[in-house]
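protein16.pdb (PDB, C-alpha atoms, pLDDT in the B column)
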ATOM      1  CA  MET A   1      61.103  41.578   0.077  1.00 66.00           C
ATOM      2  CA  THR A   2      60.915  44.149  -2.717  1.00 69.00           C
ATOM      3  CA  THR A   3      64.208  45.556  -3.927  1.00 78.00           C
ATOM      4  CA  ARG A   4      65.545  47.766  -6.676  1.00 87.00           C
ATOM      5  CA  LEU A   5      69.085  48.460  -7.784  1.00 91.00           C
ATOM      6  CA  ALA A   6      69.987  51.670  -5.949  1.00 92.00           C
ATOM      7  CA  HIS A   7      73.569  52.081  -7.167  1.00 93.00           C
ATOM      8  CA  ALA A   8      76.694  50.375  -8.384  1.00 96.00           C
ATOM      9  CA  ASN A   9      79.782  51.297  -6.357  1.00 96.00           C
ATOM     10  CA  ILE A  10      83.275  51.558  -7.785  1.00 97.00           C
ATOM     11  CA  ALA A  11      86.326  51.715  -5.525  1.00 97.00           C
ATOM     12  CA  ALA A  12      88.989  54.068  -6.852  1.00 97.00           C
ATOM     13  CA  PRO A  13      92.170  55.647  -5.508  1.00 97.00           C
ATOM     14  CA  ASP A  14      91.081  59.033  -6.952  1.00 97.00           C
ATOM     15  CA  ALA A  15      87.305  59.495  -7.055  1.00 97.00           C
ATOM     16  CA  ALA A  16      87.460  62.918  -8.729  1.00 97.00           C
ATOM     17  CA  ALA A  17      89.622  61.649 -11.602  1.00 97.00           C
ATOM     18  CA  LEU A  18      87.293  58.733 -12.261  1.00 97.00           C
ATOM     19  CA  ALA A  19      84.210  60.967 -11.996  1.00 97.00           C
ATOM     20  CA  GLU A  20      85.780  63.283 -14.580  1.00 97.00           C
ATOM     21  CA  LYS A  21      86.149  60.325 -16.984  1.00 97.00           C
ATOM     22  CA  PHE A  22      82.496  59.372 -16.496  1.00 97.00           C
ATOM     23  CA  HIS A  23      81.576  63.001 -17.211  1.00 97.00           C
ATOM     24  CA  ARG A  24      83.831  63.391 -20.241  1.00 97.00           C
ATOM     25  CA  LEU A  25      82.989  60.026 -21.809  1.00 96.00           C
ATOM     26  CA  LEU A  26      79.367  59.453 -20.749  1.00 95.00           C
ATOM     27  CA  GLY A  27      78.123  62.874 -19.692  1.00 95.00           C
ATOM     28  CA  LEU A  28      77.418  61.832 -16.093  1.00 96.00           C
ATOM     29  CA  GLU A  29      77.423  64.675 -13.571  1.00 95.00           C
ATOM     30  CA  VAL A  30      78.494  64.587  -9.938  1.00 96.00           C
ATOM     31  CA  ALA A  31      75.213  65.026  -8.069  1.00 95.00           C
ATOM     32  CA  ALA A  32      76.641  64.832  -4.554  1.00 95.00           C
ATOM     33  CA  GLU A  33      79.876  64.440  -2.650  1.00 96.00           C
ATOM     34  CA  THR A  34      80.272  63.427   0.963  1.00 95.00           C
ATOM     35  CA  VAL A  35      82.727  61.984   3.446  1.00 95.00           C
ATOM     36  CA  VAL A  36      81.665  59.087   5.655  1.00 93.00           C
ATOM     37  CA  ALA A  37      84.345  59.326   8.332  1.00 93.00           C
ATOM     38  CA  GLU A  38      83.237  56.221  10.242  1.00 90.00           C
ATOM     39  CA  GLN A  39      83.770  54.129   7.089  1.00 91.00           C
ATOM     40  CA  GLY A  40      86.892  56.041   6.059  1.00 96.00           C
ATOM     41  CA  VAL A  41      85.675  57.048   2.597  1.00 96.00           C
ATOM     42  CA  ARG A  42      85.004  59.986   0.330  1.00 97.00           C
ATOM     43  CA  VAL A  43      81.985  59.291  -1.885  1.00 96.00           C
ATOM     44  CA  LEU A  44      80.971  60.895  -5.176  1.00 97.00           C
ATOM     45  CA  LEU A  45      77.466  60.131  -6.454  1.00 96.00           C
ATOM     46  CA  LEU A  46      76.882  60.385 -10.190  1.00 97.00           C
ATOM     47  CA  ALA A  47      73.349  60.665 -11.535  1.00 93.00           C
ATOM     48  CA  ALA A  48      72.728  58.064 -14.253  1.00 91.00           C
ATOM     49  CA  GLY A  49      69.084  58.309 -15.263  1.00 87.00           C
ATOM     50  CA  GLU A  50      67.008  56.582 -12.613  1.00 84.00           C
ATOM     51  CA  GLY A  51      70.102  54.970 -11.116  1.00 87.00           C
ATOM     52  CA  ARG A  52      73.384  56.111  -9.677  1.00 93.00           C
ATOM     53  CA  VAL A  53      77.035  55.309  -9.871  1.00 96.00           C
ATOM     54  CA  GLU A  54      78.829  55.738  -6.549  1.00 96.00           C
ATOM     55  CA  ILE A  55      82.605  56.212  -6.579  1.00 97.00           C
ATOM     56  CA  THR A  56      84.323  55.538  -3.263  1.00 97.00           C
ATOM     57  CA  GLU A  57      87.827  56.731  -2.456  1.00 97.00           C
ATOM     58  CA  PRO A  58      89.508  55.553   0.758  1.00 98.00           C
ATOM     59  CA  LEU A  59      90.679  58.149   3.271  1.00 97.00           C
ATOM     60  CA  GLY A  60      93.586  55.868   4.145  1.00 96.00           C
ATOM     61  CA  PRO A  61      95.134  52.479   3.376  1.00 96.00           C
ATOM     62  CA  GLU A  62      93.791  50.784   6.539  1.00 95.00           C
ATOM     63  CA  THR A  63      90.125  51.478   5.755  1.00 96.00           C
ATOM     64  CA  PRO A  64      87.956  48.708   4.282  1.00 94.00           C
ATOM     65  CA  VAL A  65      88.071  50.331   0.825  1.00 96.00           C
ATOM     66  CA  GLY A  66      91.801  51.007   1.182  1.00 97.00           C
ATOM     67  CA  ARG A  67      92.398  47.316   1.897  1.00 96.00           C
ATOM     68  CA  PHE A  68      90.096  46.362  -1.003  1.00 95.00           C
ATOM     69  CA  LEU A  69      92.154  48.501  -3.402  1.00 97.00           C
ATOM     70  CA  ALA A  70      95.442  47.081  -2.110  1.00 97.00           C
ATOM     71  CA  LYS A  71      94.184  43.520  -2.579  1.00 96.00           C
ATOM     72  CA  ARG A  72      92.105  43.780  -5.774  1.00 94.00           C
ATOM     73  CA  GLY A  73      92.798  47.154  -7.356  1.00 96.00           C
ATOM     74  CA  PRO A  74      90.212  49.619  -8.638  1.00 97.00           C
ATOM     75  CA  GLY A  75      86.873  48.335  -9.867  1.00 96.00           C
ATOM     76  CA  LEU A  76      83.430  47.214  -8.865  1.00 95.00           C
ATOM     77  CA  HIS A  77      83.192  47.193  -5.073  1.00 95.00           C
ATOM     78  CA  HIS A  78      79.513  46.432  -4.459  1.00 96.00           C
ATOM     79  CA  LEU A  79      75.942  46.546  -5.712  1.00 96.00           C
ATOM     80  CA  ALA A  80      73.390  48.322  -3.550  1.00 95.00           C
ATOM     81  CA  PHE A  81      69.729  47.402  -3.432  1.00 95.00           C
ATOM     82  CA  GLY A  82      67.028  49.633  -2.008  1.00 94.00           C
ATOM     83  CA  VAL A  83      64.603  48.048   0.440  1.00 95.00           C
ATOM     84  CA  PRO A  84      61.607  49.594   2.204  1.00 95.00           C
ATOM     85  CA  ASP A  85      62.379  48.014   5.612  1.00 95.00           C
ATOM     86  CA  ILE A  86      66.010  47.096   6.251  1.00 96.00           C
ATOM     87  CA  ASP A  87      65.285  45.355   9.566  1.00 96.00           C
ATOM     88  CA  ALA A  88      62.789  43.019   7.875  1.00 95.00           C
ATOM     89  CA  ALA A  89      65.194  42.452   4.972  1.00 96.00           C
ATOM     90  CA  LEU A  90      68.036  41.520   7.343  1.00 97.00           C
ATOM     91  CA  ALA A  91      65.749  39.179   9.312  1.00 96.00           C
ATOM     92  CA  ARG A  92      64.666  37.462   6.092  1.00 96.00           C
ATOM     93  CA  LEU A  93      68.248  37.069   4.879  1.00 96.00           C
ATOM     94  CA  ARG A  94      69.418  35.792   8.277  1.00 96.00           C
ATOM     95  CA  ALA A  95      66.572  33.237   8.350  1.00 96.00           C
ATOM     96  CA  ALA A  96      67.516  32.112   4.829  1.00 96.00           C
ATOM     97  CA  GLY A  97      71.118  31.477   5.915  1.00 96.00           C
ATOM     98  CA  ALA A  98      72.788  34.519   4.363  1.00 97.00           C
ATOM     99  CA  ARG A  99      76.076  35.584   5.925  1.00 97.00           C
ATOM    100  CA  LEU A 100      75.731  39.178   7.115  1.00 97.00           C
ATOM    101  CA  ILE A 101      78.575  41.619   7.626  1.00 97.00           C
ATOM    102  CA  ASP A 102      76.216  44.002   9.431  1.00 96.00           C
ATOM    103  CA  ALA A 103      73.677  42.338  11.714  1.00 94.00           C
ATOM    104  CA  VAL A 104      72.521  45.831  12.703  1.00 96.00           C
ATOM    105  CA  PRO A 105      72.094  48.675  10.192  1.00 97.00           C
ATOM    106  CA  ARG A 106      74.423  51.677  10.225  1.00 95.00           C
ATOM    107  CA  VAL A 107      74.239  55.115   8.583  1.00 92.00           C
ATOM    108  CA  GLY A 108      75.518  55.385   5.006  1.00 89.00           C
ATOM    109  CA  ALA A 109      76.644  58.146   2.650  1.00 83.00           C
ATOM    110  CA  GLU A 110      73.222  59.705   2.064  1.00 81.00           C
ATOM    111  CA  GLY A 111      72.037  59.357   5.646  1.00 88.00           C
ATOM    112  CA  HIS A 112      70.067  56.181   4.867  1.00 91.00           C
ATOM    113  CA  ARG A 113      70.306  53.105   7.065  1.00 96.00           C
ATOM    114  CA  ILE A 114      72.502  50.516   5.327  1.00 96.00           C
ATOM    115  CA  ALA A 115      73.852  47.012   5.916  1.00 97.00           C
ATOM    116  CA  PHE A 116      76.265  44.801   3.988  1.00 97.00           C
ATOM    117  CA  VAL A 117      75.860  41.141   3.092  1.00 97.00           C
ATOM    118  CA  HIS A 118      79.038  39.046   2.803  1.00 97.00           C
ATOM    119  CA  PRO A 119      80.218  38.366  -0.772  1.00 96.00           C
ATOM    120  CA  GLU A 120      80.066  34.582  -0.292  1.00 96.00           C
ATOM    121  CA  THR A 121      76.271  34.879  -0.137  1.00 96.00           C
ATOM    122  CA  PHE A 122      75.993  36.317  -3.662  1.00 95.00           C
ATOM    123  CA  GLY A 123      78.665  34.561  -5.723  1.00 93.00           C
ATOM    124  CA  GLY A 124      81.567  36.782  -4.683  1.00 93.00           C
ATOM    125  CA  VAL A 125      79.713  40.112  -4.957  1.00 94.00           C
ATOM    126  CA  LEU A 126      79.447  42.385  -1.918  1.00 95.00           C
ATOM    127  CA  VAL A 127      75.824  43.507  -1.570  1.00 97.00           C
ATOM    128  CA  GLU A 128      74.625  46.563   0.316  1.00 96.00           C
ATOM    129  CA  LEU A 129      71.044  47.021   1.456  1.00 97.00           C
ATOM    130  CA  VAL A 130      69.831  50.629   1.591  1.00 95.00           C
ATOM    131  CA  GLU A 131      66.631  51.534   3.403  1.00 95.00           C
ATOM    132  CA  GLU A 132      64.708  54.008   1.290  1.00 86.00           C
ATOM    133  CA  GLU A 133      61.729  56.021   2.484  1.00 72.00           C
ATOM    134  CA  ASP A 134      60.153  56.149  -0.975  1.00 54.00           C
ATOM    135  CA  HIS A 135      61.196  52.756  -2.307  1.00 40.00           C
ATOM    136  CA  GLY A 136      59.778  53.283  -5.802  1.00 41.00           C
ATOM    137  CA  ALA A 137      61.510  56.588  -6.504  1.00 40.00           C
ATOM    138  CA  ARG A 138      65.140  57.511  -6.969  1.00 39.00           C
ATOM    139  CA  GLY A 139      64.793  60.301  -4.429  1.00 41.00           C
ATOM    140  CA  ASP A 140      66.572  63.618  -4.263  1.00 43.00           C
ATOM    141  CA  LEU A 141      70.314  63.532  -3.949  1.00 41.00           C
ATOM    142  CA  PRO A 142      71.935  65.880  -1.474  1.00 40.00           C
ATOM    143  CA  PRO A 143      73.670  68.849  -3.124  1.00 35.00           C
ATOM    144  CA  ALA A 144      77.216  68.380  -4.380  1.00 36.00           C
ATOM    145  CA  ARG A 145      79.924  70.012  -2.270  1.00 32.00           C
TER     146      ARG A 145
END

Step by step, read the file and then write its structure as structure tokens.
Amino acid sequence: MTTRLAHANIAAPDAAALAEKFHRLLGLEVAAETVVAEQGVRVLLLAAGEGRVEITEPLGPETPVGRFLAKRGPGLHHLAFGVPDIDAALARLRAAGARLIDAVPRVGAEGHRIAFVHPETFGGVLVELVEEEDHGARGDLPPAR
């Protein structure tokens, strides 16, 4: 299975305020903004060279990210890895004994198919798999709103 780091995700109570700090201090620009209602989040994507920083703000306290913030506070939420075939990647992980949160992919912030792997599999780090059409390229981000 070939993977690349697609993005690092930070959970924050105010995505715009944190994005402004990344802009002011590091020069990173918001490349896209979207709401993923089924996951209860607002997402800001910041372009960072060939990679991205994703800032996720919960739409309410009872969402997964809302509960994460209540329990752990703001900070790193997950690492996302791009894969060319998410179904094959999930089958390989399942066969290797990985604990999956999503046995079946769902649609993520950029319209890609995604799935999460339980943190106990990777030393306490939540891992997201992102199916990418052009695995070797960063791809175009949707326009910021």

Q.
Can you tell me which residues surround stretch 110-121 of chain A at a distance of at most 6 Å, considering only C-alpha atoms, apart from same-chain residues fewer than 4 positions away, and format the answer as a PyMOL selection string?
A. chain A and resi 98-102+105-106+125-131

Q. Given the choices A:Val107, A:Val41, A:Gly73, A:Arg67, which gets closest to A:Ile86 if the distance is worked out from only C-alpha atoms?
A. A:Val107

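The gap separating atom CA of A:Gly82 from atom CA of A:Val104 is 16.2 Å, in Å to one decimal.
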
Q: May I ask which of the residues A:Arg94, A:Asp14, A:Thr3, A:Glu20 is the closest one to A:Pro74, counting all atoms listed in the file?
A: A:Asp14

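Proximity to A:Glu50 was assessed for A:Arg4, A:Ala109, A:Ala103, A:Arg92 counting only C-alpha atoms; the smallest distance is recorded for A:Arg4.
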
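Across the structure, atom CA of A:Arg24 and atom CA of A:Val53 are spaced 14.8 Å apart.
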
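Among the candidates A:Gly108, A:Gly75, A:Gly124, A:Pro58, the residue lying nearest to A:Asn9 is A:Gly75 (atoms considered: all atoms listed in the file).
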
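Comparing the minimum interatomic distances between A:Gly66 and each of A:Ala96, A:Leu79, A:Ala11, A:Leu5, counting only C-alpha atoms, we find that A:Ala11 sits nearest.
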
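Pairwise distance (atom CA of A:Ala15, atom CA of A:Leu59) equals 10.9 Å.
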
Q: Report the residues retrieved by the PyMOL selection byres ((chain A and resi 47) around 7) from the displayed file, expressed as an NGL selection string.
A: :A and (28-31 or 45-46 or 48-49 or 51-53)

Q) If the PyMOL selection byres ((chain A and resi 65) around 12) is run on the structure shown, which residues does it catch, given as JSON, numbers by chain? A) {"A": [9, 10, 11, 12, 13, 36, 39, 40, 41, 42, 43, 55, 56, 57, 58, 59, 60, 61, 62, 63, 64, 66, 67, 68, 69, 70, 71, 72, 73, 74, 75, 76, 77, 78]}
